[in-house]
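Novice: Supplied in structure tokens, the structure appears directly below.
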Amino acid sequence: MRELRPGLWRWTARHPDWTPEEGGPEGWDPEVASYLYEAPGALVLFDPLSPSWDDLDDRVAHLGPPNVLITIFWHTRSADEILDRYAGTRVFAHENALPEVRKRVAATDTFAAGDALPGGVEAMTARDREALFWLPDQAALVAGDVLLGRAGGGVRVCPDSWLSEKFTPEGLRDELRAALLDRPVELILLTHGEPVVENAREALDEALAS
């Protein structure tokens, strides 16, 4: 694991479902990222895939069972293994995505935009069934598929081909701008791509203007 800030960690793993057809400019890379947040009074995992089990065992022993927050139903990843391994684990799914999430893992809790989650994390909706998560103590934004890394660093909005008929590219950007307008973003924690740890607010504004 790589510590980004005290209490905030990132690791990567190769996604078992990736094939070369998944790559390219309109696709995603085989290495994906997950995050661990040692929040006051809670252990929070975001889109966890293949964690270091010995390391996680130690953290659970000190902080209690994990709270697994899923950005989008495609990202349930290792949530089922974590749920089976640690008694008391909670898996949180966006209420609009619950049927799809439960095809993959037995989610225990749902949330809606604006809900307060374990560790003081706040949920925001993106693309109807997808969530962004805001960590106030870290001034950090966690994104699943709606925001992606850019080659050479930075952030971009997901390809237009990933959008459902409910969204136009302009409509999605308008929604994101409204949701993130007043957030003093210092970190953007991407599950596809490198995290943005410098000039994050400027990088986000640039992505939403493009």
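Naming scheme: A, B, ... for chains in displayed order of the structure tokens; residues 1 onward per chain; ligands 1 onward as shown.
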Among chain A, which residues does DSSP mark as alpha helix (DSSP H) when it is run on the backbone? Keep the chain and numbering as in the structure and answer as JSON, numbers by chain.
Specialist: {"A": [53, 54, 55, 56, 57, 58, 59, 60, 61, 62, 63, 79, 80, 81, 82, 83, 84, 85, 98, 99, 100, 101, 102, 169, 170, 171, 172, 173, 174, 175, 176, 177, 178, 179, 180, 200, 201, 202, 203, 204, 205, 206, 207, 208, 209]}
Novice: Tell me, as a PDB file with C-alpha atoms, in the first residue's frame, which residues lie within 9 Å of region 173-180 of chain A, counting only C-alpha atoms; anything in the same chain fewer than 6 positions away does not count.
Specialist:
ATOM      1  CA  MET A 124     -22.927  12.171  -4.134  1.00  0.00           C
ATOM      2  CA  THR A 125     -24.700  10.807  -7.197  1.00  0.00           C
ATOM      3  CA  ALA A 126     -23.107  10.677 -10.626  1.00  0.00           C
ATOM      4  CA  ARG A 127     -24.667   9.110 -13.739  1.00  0.00           C
ATOM      5  CA  VAL A 157     -14.529  12.680 -17.769  1.00  0.00           C
ATOM      6  CA  ASP A 205     -12.321  22.220 -13.464  1.00  0.00           C
ATOM      7  CA  ALA A 207     -11.851  18.198 -17.132  1.00  0.00           C
ATOM      8  CA  LEU A 208     -15.398  19.478 -16.620  1.00  0.00           C
ATOM      9  CA  ALA A 209     -14.830  22.334 -19.082  1.00  0.00           C
ATOM     10  CA  SER A 210     -13.549  20.064 -21.859  1.00  0.00           C
TER      11      SER A 210
END
Novice: Using only C-alpha atoms for the distances, tell me which of A:Ile72, A:Ala116, A:Leu163, A:Ala79 is nearest to Pro99 (chain A).
Specialist: A:Ile72
Novice: Would you kindly return, as a count of residues only, each protein, DNA or RNA residue with an atom no farther than 12 Å from any atom of Asn199 (chain A), considering only C-alpha atoms and excluding same-chain residues fewer than 6 positions away?
Specialist: 10
Novice: Using only C-alpha atoms, which residue out of A:Leu63, A:Leu181, A:Leu135, A:Ala143 lies closest to Ser34 (chain A)?
Specialist: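 Closest residue, counting only C-alpha atoms: A:Ala143.
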Novice: With a distance cut-off of 10 Å and only C-alpha atoms, select the neighbouring residues of Ser52 (chain A), excluding the residue or stretch itself and same-chain residues fewer than 5 positions from it, and output the selection as a PyMOL selection string.
Specialist: chain A and resi 1+11+57
Novice: Report the distance between CA of Tyr37 (chain A) and CA of Pro6 (chain A) in Å, rounded to one decimal place.
Specialist: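 Interatomic distance here is 9.1 Å.
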Novice: Would you mind listing what lies within 10 Å of Leu4 (chain A) as a list of chain:residue names, with only C-alpha atoms counted and same-chain residues fewer than 2 positions away left out?
Specialist: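 Listed by chain and then number, they are A:Met1, A:Arg2, A:Pro6, A:Gly7, A:Leu8, A:Trp9, A:Arg10, A:Tyr35, A:Leu187, A:Leu189, A:Pro195, A:Val197.
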Novice: List the spatial neighbours of region 25-27 of chain A as a list of chain:residue names - criterion: any atom at most 10 Å away, only C-alpha atoms, same-chain residues fewer than 4 positions off excluded.
Specialist: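 Result of the neighbour search: A:Pro20, A:Glu21, A:Cys158, A:Pro159, A:Asp160, A:Ser161, A:Trp162.
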Novice: Excluding Asp29 (chain A) and residues on its chain fewer than 4 positions from it, collect all residues at most 8 Å away from it, counting only C-alpha atoms, and give them as a count of residues only.
Specialist: 4
Novice: Per residue of region 101-157 of chain A within 10 Å of region 39-49 of chain A, what are the shortest atom pair and its distance in Å to one decimal, counting only C-alpha atoms, with rows by chain and residue number, as a tab-separated table?
Specialist:
residue	atom	partner	partner_atom	distance
A:Leu117	CA	A:Val44	CA	9.5
A:Pro118	CA	A:Ala42	CA	6.2
A:Gly119	CA	A:Ala39	CA	4.9
A:Gly120	CA	A:Ala39	CA	7.6
A:Val121	CA	A:Ala39	CA	8.8
A:Phe133	CA	A:Phe46	CA	9.0
A:Leu135	CA	A:Ala39	CA	9.2
A:Asp137	CA	A:Ala39	CA	8.6
A:Gln138	CA	A:Ala39	CA	9.7
A:Val142	CA	A:Phe46	CA	7.9
A:Ala143	CA	A:Phe46	CA	9.3
A:Gly144	CA	A:Asp47	CA	7.8
Novice: Only N, CA and C atoms, please: the residues just picked out, written as a PDB file, in the first residue's frame.
Specialist:
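Written out: selection.pdb:
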ATOM      1  N   LEU A 117     -22.052   8.711   5.548  1.00  0.00           N
ATOM      2  CA  LEU A 117     -21.641   7.318   5.612  1.00  0.00           C
ATOM      3  C   LEU A 117     -20.577   7.148   6.699  1.00  0.00           C
ATOM      4  N   PRO A 118     -20.183   5.924   7.019  1.00  0.00           N
ATOM      5  CA  PRO A 118     -19.164   5.726   8.053  1.00  0.00           C
ATOM      6  C   PRO A 118     -17.908   6.547   7.796  1.00  0.00           C
ATOM      7  N   GLY A 119     -17.300   7.005   8.884  1.00  0.00           N
ATOM      8  CA  GLY A 119     -16.083   7.792   8.770  1.00  0.00           C
ATOM      9  C   GLY A 119     -16.299   9.221   8.341  1.00  0.00           C
ATOM     10  N   GLY A 120     -17.555   9.676   8.330  1.00  0.00           N
ATOM     11  CA  GLY A 120     -17.834  11.035   7.897  1.00  0.00           C
ATOM     12  C   GLY A 120     -17.827  11.217   6.397  1.00  0.00           C
ATOM     13  N   VAL A 121     -17.763  10.130   5.640  1.00  0.00           N
ATOM     14  CA  VAL A 121     -17.790  10.198   4.178  1.00  0.00           C
ATOM     15  C   VAL A 121     -19.181  10.631   3.722  1.00  0.00           C
ATOM     16  N   PHE A 133     -17.640   9.876  -3.797  1.00  0.00           N
ATOM     17  CA  PHE A 133     -17.552   9.984  -2.344  1.00  0.00           C
ATOM     18  C   PHE A 133     -16.628  11.132  -1.969  1.00  0.00           C
ATOM     19  N   LEU A 135     -14.526  12.981   1.135  1.00  0.00           N
ATOM     20  CA  LEU A 135     -13.912  12.813   2.441  1.00  0.00           C
ATOM     21  C   LEU A 135     -13.563  14.200   2.968  1.00  0.00           C
ATOM     22  N   ASP A 137     -12.446  15.425   5.815  1.00  0.00           N
ATOM     23  CA  ASP A 137     -11.204  15.586   6.576  1.00  0.00           C
ATOM     24  C   ASP A 137      -9.968  15.560   5.684  1.00  0.00           C
ATOM     25  N   GLN A 138     -10.087  14.932   4.519  1.00  0.00           N
ATOM     26  CA  GLN A 138      -8.971  14.808   3.598  1.00  0.00           C
ATOM     27  C   GLN A 138      -9.097  15.738   2.394  1.00  0.00           C
ATOM     28  N   VAL A 142     -13.421  10.635  -4.213  1.00  0.00           N
ATOM     29  CA  VAL A 142     -13.214   9.279  -4.727  1.00  0.00           C
ATOM     30  C   VAL A 142     -14.150   9.069  -5.908  1.00  0.00           C
ATOM     31  N   ALA A 143     -13.593   8.614  -7.032  1.00  0.00           N
ATOM     32  CA  ALA A 143     -14.377   8.419  -8.261  1.00  0.00           C
ATOM     33  C   ALA A 143     -14.162   7.017  -8.805  1.00  0.00           C
ATOM     34  N   GLY A 144     -15.246   6.432  -9.311  1.00  0.00           N
ATOM     35  CA  GLY A 144     -15.173   5.108  -9.905  1.00  0.00           C
ATOM     36  C   GLY A 144     -14.941   5.167 -11.404  1.00  0.00           C
TER      37      GLY A 144
END
Novice: From the options A:Gly149, A:Gly24, A:Pro16, A:Pro65, which residue's atoms come nearest to Glu38 (chain A), counting only C-alpha atoms?
Specialist: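 Looking only at the distances to Glu38 (chain A), the closest residue turns out to be A:Pro65.
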Novice: Would you compute the distance between CA of Val146 (chain A) and CA of Lys166 (chain A)? Give it in Å to one decimal.
Specialist: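 So the two atoms, CA of Val146 (chain A) and CA of Lys166 (chain A), lie 14.1 Å apart.
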Novice: For Arg201 (chain A), which residue out of A:Glu3, A:Asp182, A:Thr108, A:Leu36 is the nearest one, using only C-alpha atoms?
Specialist: A:Asp182
Novice: Pick the closest to Asn96 (chain A) from A:Glu122, A:Glu198, A:Asp128, A:Asp58: which is it, counting only C-alpha atoms?
Specialist: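 Using only C-alpha atoms, the shortest distance to Asn96 (chain A) belongs to A:Asp128.
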